[in-house]
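> Mind looking over this structure? Questions follow.
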Amino acid sequence: MSTIDRLRRMTGEADAAAPDHDERDEKIRQLRSRIRQILERRPERPAVCEQEQEARGLDLSLVAEGMEVSTPFGPVFVSTQKLDLARPRGSRSLGELKEADMGLLALLAADPRLEGLSPRDGLFLDIETTGLAGGTGTFAFLIGLGWLEDDGFVTHLIVARDFIEEPAALSLLADMAGGKGFLVSYNGKAFDAGILATRFILNRLPDPFQDIPHLDLLHPTRRLIGHRLENAKLGTIEQWVLGIHRQEDIPSCEIPQRYFRYLRTRDGSVLREVLEHNRHDIVSMALLTVHLCELLCHGHQAPNTAPSDVLAAARFHCRRGSARRAERLLHGLAASDSRQVLGDCGRELSLLLKRSGKWHEAAGMWRRMLEADPFDLFAAEELAKWLEHRQMRFGEAIEVVERVLQGSSALEEPIREAFLYRLRRLVRKAQGRIV
Amino acid sequence: MATLTLAEIVDRWERSRRFMENVRALHRLPADPGRFAPFPEWVRPEIRRVLEAQGICALYSHQAHAVEAVRKGSNIALTTPTASGKTLCYNLPVVQAILEKPETRALYLFPTKALAQDQMHELHQLIASLGADIKTFTYDGDTPEEARQAIRKQGHVVVSNPDMLHSGILPHHTKWQKLFSNLRFVVLDELHVYRGVFGSHVANVIRRLSRICRFYGSDPVFVCCSATIANPKEHAEHIIERPVELISESGAPRAAKTFIMYNPPIINRELGIRQSAMAPARKIASTLIANGLQTIVFTTSRLNVEVLTKYLKDRFSKGRPLPTSYVTGYRGGYLPQLRRQIEAGLRDRSVMGVVSTNALELGIDIGDLEACVMAGYPGSIASTWQQAGRAGRRSGHSVAVLIARSNPLDQFIVEHPDYFFSQTPEHCRLNPDNLLILLHHLKSAAFELPFERGEQFGKEHTEELLEYLREKGVLHRVGERWHWAAESYPADEVSLRNVTAENVVVVDTTQAGNHRVIAEVDWDSAFTTVHQGAIYMVESQQYHVDELDLERKKAYVRTVDVDYYTEAMTYTNVRVIEEFGSVTAAGAIVEHGEVQVVRKVVGFKKIKFYTSENVGYGDVTLPEKDMHTTSYWFTIPKDRLDALPYSRAELIDGLLGLAYSLHHMAAILLMADVRDLDRSIGDKSGAWFVKHTKEGRTIVPGGLQAASEGPVKADAFDPTLFIYDAYPGGIGFSDLLFAEHATLLGLAKTCIASCPCTHGCPSCVGPILEVGARAKEVALSILGMLEA
């Protein structure tokens with residue numbers, strides 16, 4: 001008996017035309033299919049099926065602007081669009097990318113190599129794959145690229161219409177990436193770049209991205225904006241930050257199945273939404289780059305910006321060693337009337353000033369905070385500490401502490417205890433027993 | 001009380017008539033000075049200096065042989081004993097090659113994480129003393145994410161296990177480009193562990209590894225190490241599918257060891273019942289521990305670990321308070337932290353006695369113990385030597401005592417000690433072309449690299465299987481290639497060691513509001529060990545199972561203190577799907593082929609501690625488990641049986657007894673664990689089968705129409721005796737049994753006829769209470785008829 005017949009028997013798929021098939025055989029067949037399910041545990045969703053192979057639908061070129069491009073490795077399909085720089089997209093336009101400050105992009109990427117480049121050197125990249133599992137069996141069937149030109153933002157979506165077109169797709173990608181200076185992606189460090197590196201190795205082609213600087217927007221976005229959103233998906237960012245509302249977008253999880261359907265039907269129309277989705281992602285990445293730059297530069301003046309974003313931006317600057325920029329953002333924010341904002345921002349700003357040794361300015365901040373809110377415990381404690389340890393002005397420090405203790409009756413016990421302890425020590429010091 | 005030395009204790013035993021009555025062999029294995037050979041010329045002087053500083057001024061003869069062979073590029077299989085310096089056989093050529101060419105890479109595979117850790121330690125020491133820039137890393141499930149990238153790029157020697165290679169490394173081979181492009185050595189230690197199902201999987205993982213190496217243009221040398229088995233060369237060649245040079249002659253010196261084979265006395269000749277192995281194990285271990293000799297006791301089941309630990313704890317807590325860890329249990333299912341504590345306790349000798357399953361058999365470092373007591377034959381000669389090796393690994397006099405149980409395997413070994421001490425007859429077998437196993441790995445392989453037309457993977461028709469997977473929709477063919485075209489990650493779908501990877505967690509609910517996990521049980525054992533009403537034991541504490549929630553994979557238990565433990569009762573029904581081959585031998589129809597097996601746990605027995613009395617029954621409601629596998633069977637026409645002068649019921653008993661014996665002899669013949677095979681009596685259609693019930697042995701209708709119980713007319717069928725592979729799809733045992741039908745019957749006849757019992761006992765046809773008073777006689781008659 002052939003290998004396959006034996007296998008079918010074991011997995012319970014043997015032809016129902018077997019000699020005697022009464023009710024019991026049916027039961028056994030069901031049992032065997034249960035065995036098979038247990039063995040496979042996670043049922044694969046079928047990708048390609050014989051019958052459908054025959055059906056031929058619309059060619060890809062009829063559903064997406066684009067054409068077949070020939071490469072030394074054979075043909076591959078590319079859909080190209082040049083997008084208007086001036087047209088408003090949400091609260092932004094792609095033209096703003098021209099003005100992006102490369103110094104700030106270098107900060108965002110934590111890679112100083114970006115400083116010497118221009119926004120035109122950026123290659124925006126987003127791929128669509130046959131799965132999210134990663135590993136060598138995940139295929140990037142669509143490689144979406146975008147970059148800035150004088151008269152527009154160009155997008156090229158390279159589509160491998162079958163596995164056989166992968167070498168052509170990768171070689172075209174390498175050609176297009178050739179002249180570019182840095183990569184921009186959204187979660188590309190963990191996903192897109194890794195998958196592509198694998199694909200280049202599998203096809204024995206050199207990887208053009210090996211040493212190129214890579215700005216992965218996901219990490220700075222999480223840090224700067226993510227704290228106030230339910231998640232850091234690009235769609236969420238679009239909606240709350242970029243002011244864009246996608247219509248009829250295909251959910252990412254459906255994309256692999258669309259491609260498998262395309263493989264068996266050759267009907268280009270099933271991929272139309274996938275191409276649109278990918279192009280949309282690339283445009284959003286460009287707009288997000290503009291937004292992050294502006295947030296880092298102008299703080300609260302950037303559109304759709306919450307005070308907490310600016311605080312995050314200031315912290316970001318601090319971490320990257322630029323206290324001056326952080327201060328500027330915070331000063332701008334501190335002018336706000338909102339008590340809440342002044343509290344949060346003042347706290348951050350005063351600590352920043354304290355850390356950079358600008359004690360008097362910091363003390364000024366704490367006094368202002370206490371004027372706005374006499375029971376701001378943070379400001380009171382910091383001010384008392386400064387007066388006690390730096391200035392030896394024990395009397396004034398006692399005043400600050402007493403005001404807190406008298407004024408607020410609802411102090412939690414440990415905090416109250418701490419202030420009392422401080423007060424006792426200050427009194428001793430003031431009496432000159434300990435200096 | 002003055003304590004005795006080990007030599008004094010052994011002398012006393014030898015002088016004691018009562019003790020020696022039960023001893024079948026007392027073998028003094030002499031110390032051996034060893035044979036040495038100089039370092040080969042090519043060994044770099046710095047390596048020599050380091051080894052000489054460790055006191056290694058020459059190699060053992062087998063080491064010299066091995067390092068030369070590996071350097072020449074020959075694949076080798078090493079079968080020298082425990083502690084004969086196998087590690088150096090591969091570490092030396094590997095380190096030498098890396099020093100000569102720093103790009104060189106090596107991959108070490110060990111069956112367990114603990115062993116890998118041990119090896120790392122040894123290699124680290126060598127490298128540290130060399131002061132060389134050689135990076136070695138373990139890469140397993142515990143390796144932190146942030147360390148992984150560095151390991152992939154820089155590790156010269158990557159130490160891992162087959163499971164990790166299967167699910168974590170091969171499917172991501174592009175990240176390991178450096179390793180695979182420069183891979184010159186693959187080390188497979190404990191090769192004999194890779195047999196049966198696990199071995200069949202591992203052979204496929206090696207096929208995938210070879211495929212990836214070909215892609216990157218490397219062709220590594222394989223160094224395989226194994227315990228002593230009969231077919232090491234063949235086995236290694238089955239696993240790596242390459243020619244292998246065998247090195248079996250050890251040149252290592254050996255310390256003296258006394259090996260005792262102990263067969264407990266028959267306490268009821270009528271029933272053929274021997275004293276339980278647990279009683280002498282308790283006594284011997286107590287004597288040794290009481291004299292300050294650190295002792296390890298191996299038992300054959302988790303249950304026995306708990307029972308014996310309880311006995312020993314009782315013995316040593318009498319009269320004086322002792323730290324609770326003075327005697328302790330050790331087995332899989334204990335949480336890792338507790339296990340590490342016990343291992344450390346053994347090393348610093350705060351633990352003087354440990355009762356373990358084979359979890360401690362492989363090289364986990366627990367220091368040098370003085371004595372090893374095996375309560376029950378570990379199932380193979382290889383395992384027995386490894387367990388015995390836990391005592392006195394490096395130096396000094398040690399003792400090993402093997403105590404037989406009543407089953408045929410144990411009895412065969414202790415009653416034929418020559419069989420044990422001379423050339424081992426044990427073969428490792430596997431079937432990498434088991435279609436289900438092969439198919440899983442074919443999927444994983446396709447995920448790793450597309451298949452080209454004409455490419456061969458395994459011995460079955462690769463293209464047919466690829467086309468099958470294409471029809472299933474997981475592969476896509478374009479031109480001459482098959483590509484993986486599904487979203488899933490196939491390596492996650494199969495565990496190399498178990499049919500299902502799921503475990504059942506045991507939750508102690510004794511304290512309301514403070515539920516805690518006390519153990520894990522694998523899916524298959526859960527049905528028999530933590531069913532509702534079972535007594536489950538951890539560290540001698542008894543727990544009553546209140547509920548087994550299969551859906552959530554949890555068993556809820558609470559502590560109890562009762563004087564019994566439980567044993568599950570199961571029934572099995574087998575139905576023939578297809579015959580692969582059929583011959584008629586002496587009037588019986590002998591066949592092998594595919595069968596469907598349906599099993600169900602129907603209840604449990606309550607068994608009293610110490611007396612082993614049966615003190616009650618309980619019912620269990622659990623779903624049936626069904627399996628498709630391969631089997632060997634033979635059918636005896638009923639009119640032939642009717643010619644024998646016995647009643648129908650007696651004939652059934654005789655067949656049950658015969659099946660019991662054949663099952664055990666088959667395990668010996670195949671060198672398989674008894675649990676790798678199973679048996680059943682019924683008819684070929686599955687319409688009737690023989691079942692044990694509370695009332696005794698009856699014939700009931702097949703389990704498929706959920707038993708409309710009640711005995712039926714016994715003469716309705718031609719009885720068929722099945723011995724089948726206990727793994728879906730089969731592991732290749734059945735066709736061998738079919739071919740060896742006559743040998744098997746011969747072995748069974750020797751076993752039953754030479755057994756000293758009167759009516760049958762657990763050593764030949766099974767316990768008389770289970771097979772009836774005339775089973776032995778009837779079984780022999782049937783055998784006589786089958787030979788005619």
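In the structure tokens, each chain is lettered A, B, ... as it comes, each chain's residues begin at 1, and ligands are numbered from 1 in order of appearance.
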Which neighbours of Ala391 in chain B fall inside 12 Å, counting only C-alpha atoms, when residues of the same chain fewer than 4 positions from it are skipped, and could you give them as number ranges by chain?
B: 82-83, 255-259, 293-298, 346, 360-361, 363, 365-374, 384-387, 395-401
> Considering only helix (DSSP H, G or I) as DSSP defines it on the backbone, what residues of range 334-384 of chain A qualify? List them as a PyMOL selection string.
chain A and resi 334+339-355+359-372+377-384
> Generate the output file for the selected residues, C-alpha atoms, as a CSV table (one decimal), in the first residue's frame.

chain,number,residue,atom,x,y,z
A,334,ALA,CA,4.4,75.6,33.4
A,339,ARG,CA,-3.3,73.5,38.8
A,340,GLN,CA,-3.0,69.9,37.9
A,341,VAL,CA,-0.5,70.6,35.1
A,342,LEU,CA,1.4,73.0,37.2
A,343,GLY,CA,1.7,70.4,39.9
A,344,ASP,CA,3.0,67.6,37.6
A,345,CYS,CA,5.1,69.8,35.5
A,346,GLY,CA,6.5,71.8,38.3
A,347,ARG,CA,7.5,68.7,40.1
A,348,GLU,CA,9.4,67.4,37.0
A,349,LEU,CA,10.9,70.8,36.2
A,350,SER,CA,12.1,71.5,39.7
A,351,LEU,CA,13.7,68.1,39.9
A,352,LEU,CA,15.4,68.8,36.6
A,353,LEU,CA,16.7,72.2,37.9
A,354,LYS,CA,17.8,70.6,41.2
A,355,ARG,CA,19.7,67.9,39.4
A,359,TRP,CA,19.0,75.4,43.2
A,360,HIS,CA,17.6,78.9,43.4
A,361,GLU,CA,15.4,78.4,40.3
A,362,ALA,CA,14.2,75.1,41.7
A,363,ALA,CA,13.4,76.7,45.0
A,364,GLY,CA,11.5,79.4,43.1
A,365,MET,CA,9.5,76.7,41.5
A,366,TRP,CA,8.6,75.1,44.9
A,367,ARG,CA,7.5,78.4,46.3
A,368,ARG,CA,5.3,79.0,43.3
A,369,MET,CA,3.8,75.6,43.6
A,370,LEU,CA,3.1,76.2,47.3
A,371,GLU,CA,1.4,79.5,46.4
A,372,ALA,CA,-0.8,77.6,44.0
A,377,LEU,CA,3.5,68.0,50.1
A,378,PHE,CA,6.2,67.4,47.5
A,379,ALA,CA,7.0,71.1,47.1
A,380,ALA,CA,6.9,71.6,50.9
A,381,GLU,CA,9.3,68.7,51.5
A,382,GLU,CA,11.7,69.7,48.8
A,383,LEU,CA,11.7,73.3,50.0
A,384,ALA,CA,12.3,72.3,53.6
> State, in Å with one decimal place, the distance from CA of Thr559 in chain B to CA of Arg282 in chain B.
25.0 Å
> Pull out every residue of chain B sitting within 8 Å of chain A, counting only C-alpha atoms, and send them as a PyMOL selection string.
chain B and resi 171-175+435-436+446-449+460-461+464-465+468+470-476+478-479+483-489+493-494+499-500+626-629+729
> Those same residues - C-alpha atoms - I'd like them written as a PDB file, in the first residue's frame.

ATOM      1  CA  PRO B 171      12.904  27.097  12.884  1.00  0.00           C
ATOM      2  CA  HIS B 172      15.041  30.235  13.353  1.00  0.00           C
ATOM      3  CA  HIS B 173      18.165  28.931  11.640  1.00  0.00           C
ATOM      4  CA  THR B 174      18.862  32.192   9.816  1.00  0.00           C
ATOM      5  CA  LYS B 175      19.612  33.798  13.165  1.00  0.00           C
ATOM      6  CA  LEU B 435       4.110   8.263   9.626  1.00  0.00           C
ATOM      7  CA  LEU B 436       2.679  10.529  12.281  1.00  0.00           C
ATOM      8  CA  ALA B 446       9.180  22.654   5.171  1.00  0.00           C
ATOM      9  CA  PHE B 447       8.778  25.603   7.519  1.00  0.00           C
ATOM     10  CA  GLU B 448      12.559  25.795   7.769  1.00  0.00           C
ATOM     11  CA  LEU B 449      13.360  25.484   4.064  1.00  0.00           C
ATOM     12  CA  GLU B 460       8.943   6.999   2.991  1.00  0.00           C
ATOM     13  CA  HIS B 461       7.890   8.547  -0.292  1.00  0.00           C
ATOM     14  CA  GLU B 464       3.607  11.815  -1.750  1.00  0.00           C
ATOM     15  CA  LEU B 465       3.675  13.214   1.760  1.00  0.00           C
ATOM     16  CA  TYR B 468      -0.678  15.263   1.008  1.00  0.00           C
ATOM     17  CA  ARG B 470      -0.417  20.488  -0.021  1.00  0.00           C
ATOM     18  CA  GLU B 471      -3.931  19.084  -0.217  1.00  0.00           C
ATOM     19  CA  LYS B 472      -4.310  19.796   3.494  1.00  0.00           C
ATOM     20  CA  GLY B 473      -3.481  23.366   2.600  1.00  0.00           C
ATOM     21  CA  VAL B 474      -0.350  23.820   4.680  1.00  0.00           C
ATOM     22  CA  LEU B 475       2.099  23.653   1.769  1.00  0.00           C
ATOM     23  CA  HIS B 476       1.972  25.498  -1.533  1.00  0.00           C
ATOM     24  CA  VAL B 478       5.092  26.432  -7.192  1.00  0.00           C
ATOM     25  CA  GLY B 479       7.381  25.124  -9.895  1.00  0.00           C
ATOM     26  CA  HIS B 483       6.666  26.164   0.454  1.00  0.00           C
ATOM     27  CA  TRP B 484       5.193  26.415   3.941  1.00  0.00           C
ATOM     28  CA  ALA B 485       1.953  28.331   3.466  1.00  0.00           C
ATOM     29  CA  ALA B 486       0.157  28.484   6.802  1.00  0.00           C
ATOM     30  CA  GLU B 487       0.144  30.913   9.686  1.00  0.00           C
ATOM     31  CA  SER B 488       1.060  28.403  12.350  1.00  0.00           C
ATOM     32  CA  TYR B 489       4.445  27.435  13.789  1.00  0.00           C
ATOM     33  CA  GLU B 493       2.430  21.342  17.666  1.00  0.00           C
ATOM     34  CA  VAL B 494       4.475  18.412  18.833  1.00  0.00           C
ATOM     35  CA  VAL B 499       1.935  12.538  22.849  1.00  0.00           C
ATOM     36  CA  THR B 500       0.446  15.644  24.348  1.00  0.00           C
ATOM     37  CA  ASP B 626      -8.629   6.156  21.817  1.00  0.00           C
ATOM     38  CA  MET B 627      -5.539   5.518  19.798  1.00  0.00           C
ATOM     39  CA  HIS B 628      -4.612   4.162  16.419  1.00  0.00           C
ATOM     40  CA  THR B 629      -1.494   2.043  16.461  1.00  0.00           C
ATOM     41  CA  GLY B 729       1.122   5.030  14.796  1.00  0.00           C
TER      42      GLY B 729
END
> Residues near Phe137 in chain B, anyone? I mean within 10 Å using only C-alpha atoms, not counting same-chain ones fewer than 2 positions away, as a list in words.
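Answer for this query is Ala116, Gln117, Met120, His124, Lys135, Tyr139, Asp140, Thr143, Ala147, Arg148, Ala150, Ile151, Arg152, Gln154, Gly155, His156, Val157, Val158, Val159 and Ser160 of chain B.
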> Please determine, counting only C-alpha atoms, which residue among A:Leu108, A:Ala174, A:Ile255, A:Val76 has the shortest atom-to-atom distance to Val290 in chain A.
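Looking only at the distances to Val290 in chain A, the closest residue turns out to be A:Leu108.
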> So, with only C-alpha atoms as the atoms that count, which of B:Glu241, B:Glu650, B:Glu520, B:Asp189 lies closest to Gly333 in chain B?
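Closest candidate: B:Glu520.
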> Pick out the residues sitting within 10 Å of Thr71 in chain A, and hand them over as a list in words; count only C-alpha atoms, and ignore anything fewer than 6 positions along from it in its own chain.
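Once the adjacent positions are removed, what remains is Pro167, Ala168, Ala169, Leu170, Ser171, Leu172 and Asp175 of chain A.
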> How far is it from CA of Tyr377 in chain B to CA of Ile731 in chain B, in Å with one decimal?
23.4 Å
> Find, counting only C-alpha atoms, the residue in B:Ser167, B:Ser317, B:Ser74, B:Ser250 that gets nearest to Cys224 in chain B.
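Among B:Ser167, B:Ser317, B:Ser74, B:Ser250, it is B:Ser74 that comes nearest to Cys224 in chain B.
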> Work out how far apart CA of Arg403 in chain A and CA of Ala418 in chain A are and give it in Å to one decimal.
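Pair CA of Arg403 in chain A / CA of Ala418 in chain A returns 14.3 Å.
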> Considering only C-alpha atoms, return as a PyMOL selection string whatever protein or nucleic-acid residues lie within 12 Å of Ile668 in chain B, sequence-local ones (same chain, fewer than 4 positions apart) excluded.
chain B and resi 379-381+408-413+419+424-428+661-664+672-677+733+737+743-744+747-748+751
> Keeping only C-alpha atoms, write the selected residues as a short mmCIF file (atom, residue, chain, number, x, y, z; two decimals), in the first residue's frame.

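Result written to part.cif:
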data_model
loop_
_atom_site.label_atom_id
_atom_site.label_comp_id
_atom_site.auth_asym_id
_atom_site.auth_seq_id
_atom_site.Cartn_x
_atom_site.Cartn_y
_atom_site.Cartn_z
CA GLY B 379 13.79 -2.04 33.18
CA SER B 380 17.06 -2.27 31.34
CA ILE B 381 20.58 -3.38 32.03
CA PRO B 408 8.91 -11.81 34.81
CA LEU B 409 11.48 -9.21 33.78
CA ASP B 410 12.93 -8.83 37.29
CA GLN B 411 12.83 -12.56 37.90
CA PHE B 412 14.51 -13.30 34.61
CA ILE B 413 17.38 -10.96 35.42
CA TYR B 419 22.86 -12.60 31.44
CA THR B 424 24.36 -7.12 27.28
CA PRO B 425 21.59 -8.30 24.97
CA GLU B 426 19.76 -4.97 24.95
CA HIS B 427 18.97 -3.25 21.71
CA CYS B 428 17.75 0.29 21.26
CA SER B 661 3.87 -13.74 29.96
CA LEU B 662 4.13 -12.88 26.26
CA HIS B 663 3.86 -9.20 27.02
CA HIS B 664 6.84 -9.34 29.36
CA ALA B 672 11.63 -2.11 25.38
CA ASP B 673 9.99 -0.88 28.52
CA VAL B 674 7.01 -3.01 29.48
CA ARG B 675 4.96 0.18 29.28
CA ASP B 676 5.92 0.72 25.65
CA LEU B 677 3.78 -2.28 24.84
CA PHE B 733 7.78 -3.30 17.46
CA LEU B 737 7.16 -9.59 17.03
CA THR B 743 10.99 -17.18 19.52
CA LEU B 744 8.46 -15.32 21.61
CA LEU B 747 10.65 -17.63 25.70
CA ALA B 748 7.20 -17.66 27.29
CA CYS B 751 9.57 -18.62 31.65
#
> Kindly indicate which residue among A:Val274, A:Leu423, A:Val404, A:Leu288 lies nearest to Asp249 in chain A, using only C-alpha atoms for the distances.
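That would be A:Val274, the residue with the smallest distance to Asp249 in chain A.
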> According to DSSP computed on the backbone, where in range 185-432 of chain B is there strand (DSSP E)? Give the residues as a VMD selection string.
chain B and resid 185 to 188 221 to 225 245 to 247 257 to 262 266 to 268 273 to 274 295 to 299 327 to 330 353 to 356 371 to 375 398 to 403
> Restricting the output to C-alpha atoms, write the selected residues as a PDB file, in the first residue's frame.

ATOM      1  CA  PHE B 185      31.066  19.048  15.674  1.00  0.00           C
ATOM      2  CA  VAL B 186      27.767  17.763  16.975  1.00  0.00           C
ATOM      3  CA  VAL B 187      27.861  15.905  20.293  1.00  0.00           C
ATOM      4  CA  LEU B 188      24.944  13.633  21.208  1.00  0.00           C
ATOM      5  CA  VAL B 221      31.261  15.204  12.641  1.00  0.00           C
ATOM      6  CA  PHE B 222      28.958  13.477  15.131  1.00  0.00           C
ATOM      7  CA  VAL B 223      30.278  12.282  18.487  1.00  0.00           C
ATOM      8  CA  CYS B 224      27.726   9.977  20.119  1.00  0.00           C
ATOM      9  CA  CYS B 225      28.044   8.684  23.679  1.00  0.00           C
ATOM     10  CA  GLU B 245      32.968   4.039  14.123  1.00  0.00           C
ATOM     11  CA  LEU B 246      32.414   2.205  17.425  1.00  0.00           C
ATOM     12  CA  ILE B 247      34.712   2.669  20.429  1.00  0.00           C
ATOM     13  CA  LYS B 257      32.264  -2.398  43.678  1.00  0.00           C
ATOM     14  CA  THR B 258      30.190  -5.155  45.208  1.00  0.00           C
ATOM     15  CA  PHE B 259      27.075  -5.945  43.211  1.00  0.00           C
ATOM     16  CA  ILE B 260      24.376  -7.976  44.899  1.00  0.00           C
ATOM     17  CA  MET B 261      21.326  -9.549  43.248  1.00  0.00           C
ATOM     18  CA  TYR B 262      18.619 -10.183  45.806  1.00  0.00           C
ATOM     19  CA  ILE B 266       8.490 -16.759  48.298  1.00  0.00           C
ATOM     20  CA  ILE B 267       6.018 -16.288  51.127  1.00  0.00           C
ATOM     21  CA  ASN B 268       3.128 -18.190  49.614  1.00  0.00           C
ATOM     22  CA  ILE B 273       3.723 -14.707  45.915  1.00  0.00           C
ATOM     23  CA  ARG B 274       7.111 -13.305  46.847  1.00  0.00           C
ATOM     24  CA  THR B 295      22.487   5.776  50.292  1.00  0.00           C
ATOM     25  CA  ILE B 296      20.307   6.273  47.277  1.00  0.00           C
ATOM     26  CA  VAL B 297      17.291   4.036  46.778  1.00  0.00           C
ATOM     27  CA  PHE B 298      15.769   3.810  43.322  1.00  0.00           C
ATOM     28  CA  THR B 299      12.188   2.681  42.967  1.00  0.00           C
ATOM     29  CA  VAL B 327      15.797  10.982  54.478  1.00  0.00           C
ATOM     30  CA  THR B 328      13.857  12.424  51.601  1.00  0.00           C
ATOM     31  CA  GLY B 329      12.061  11.601  48.355  1.00  0.00           C
ATOM     32  CA  TYR B 330      13.006  12.888  44.925  1.00  0.00           C
ATOM     33  CA  GLY B 353      19.198   8.866  52.314  1.00  0.00           C
ATOM     34  CA  VAL B 354      17.233   9.664  49.212  1.00  0.00           C
ATOM     35  CA  VAL B 355      14.481   7.641  47.583  1.00  0.00           C
ATOM     36  CA  SER B 356      14.172   8.482  43.909  1.00  0.00           C
ATOM     37  CA  ALA B 371      25.511   2.706  48.372  1.00  0.00           C
ATOM     38  CA  CYS B 372      22.760   2.226  45.858  1.00  0.00           C
ATOM     39  CA  VAL B 373      19.690   0.087  46.458  1.00  0.00           C
ATOM     40  CA  MET B 374      17.414  -0.658  43.536  1.00  0.00           C
ATOM     41  CA  ALA B 375      13.944  -1.730  44.638  1.00  0.00           C
ATOM     42  CA  SER B 398      30.837   0.985  46.954  1.00  0.00           C
ATOM     43  CA  VAL B 399      27.902  -1.383  46.973  1.00  0.00           C
ATOM     44  CA  ALA B 400      24.908  -1.819  44.687  1.00  0.00           C
ATOM     45  CA  VAL B 401      21.961  -4.048  45.550  1.00  0.00           C
ATOM     46  CA  LEU B 402      19.354  -4.995  42.991  1.00  0.00           C
ATOM     47  CA  ILE B 403      16.152  -6.344  44.545  1.00  0.00           C
TER      48      ILE B 403
END
> Could you pull the residues within 9 Å of Asn434 in chain B, counting only C-alpha atoms, minus those fewer than 4 positions along the same chain, as a PyMOL selection string?
chain B and resi 200+438-439+729-732
> Would you kindly return, as a ChimeraX atom specification, each protein, DNA or RNA residue with an atom no farther than 10 Å from any atom of Tyr646 in chain B, considering only C-alpha atoms and excluding same-chain residues fewer than 6 positions away?
/B:652,654,774,778,781
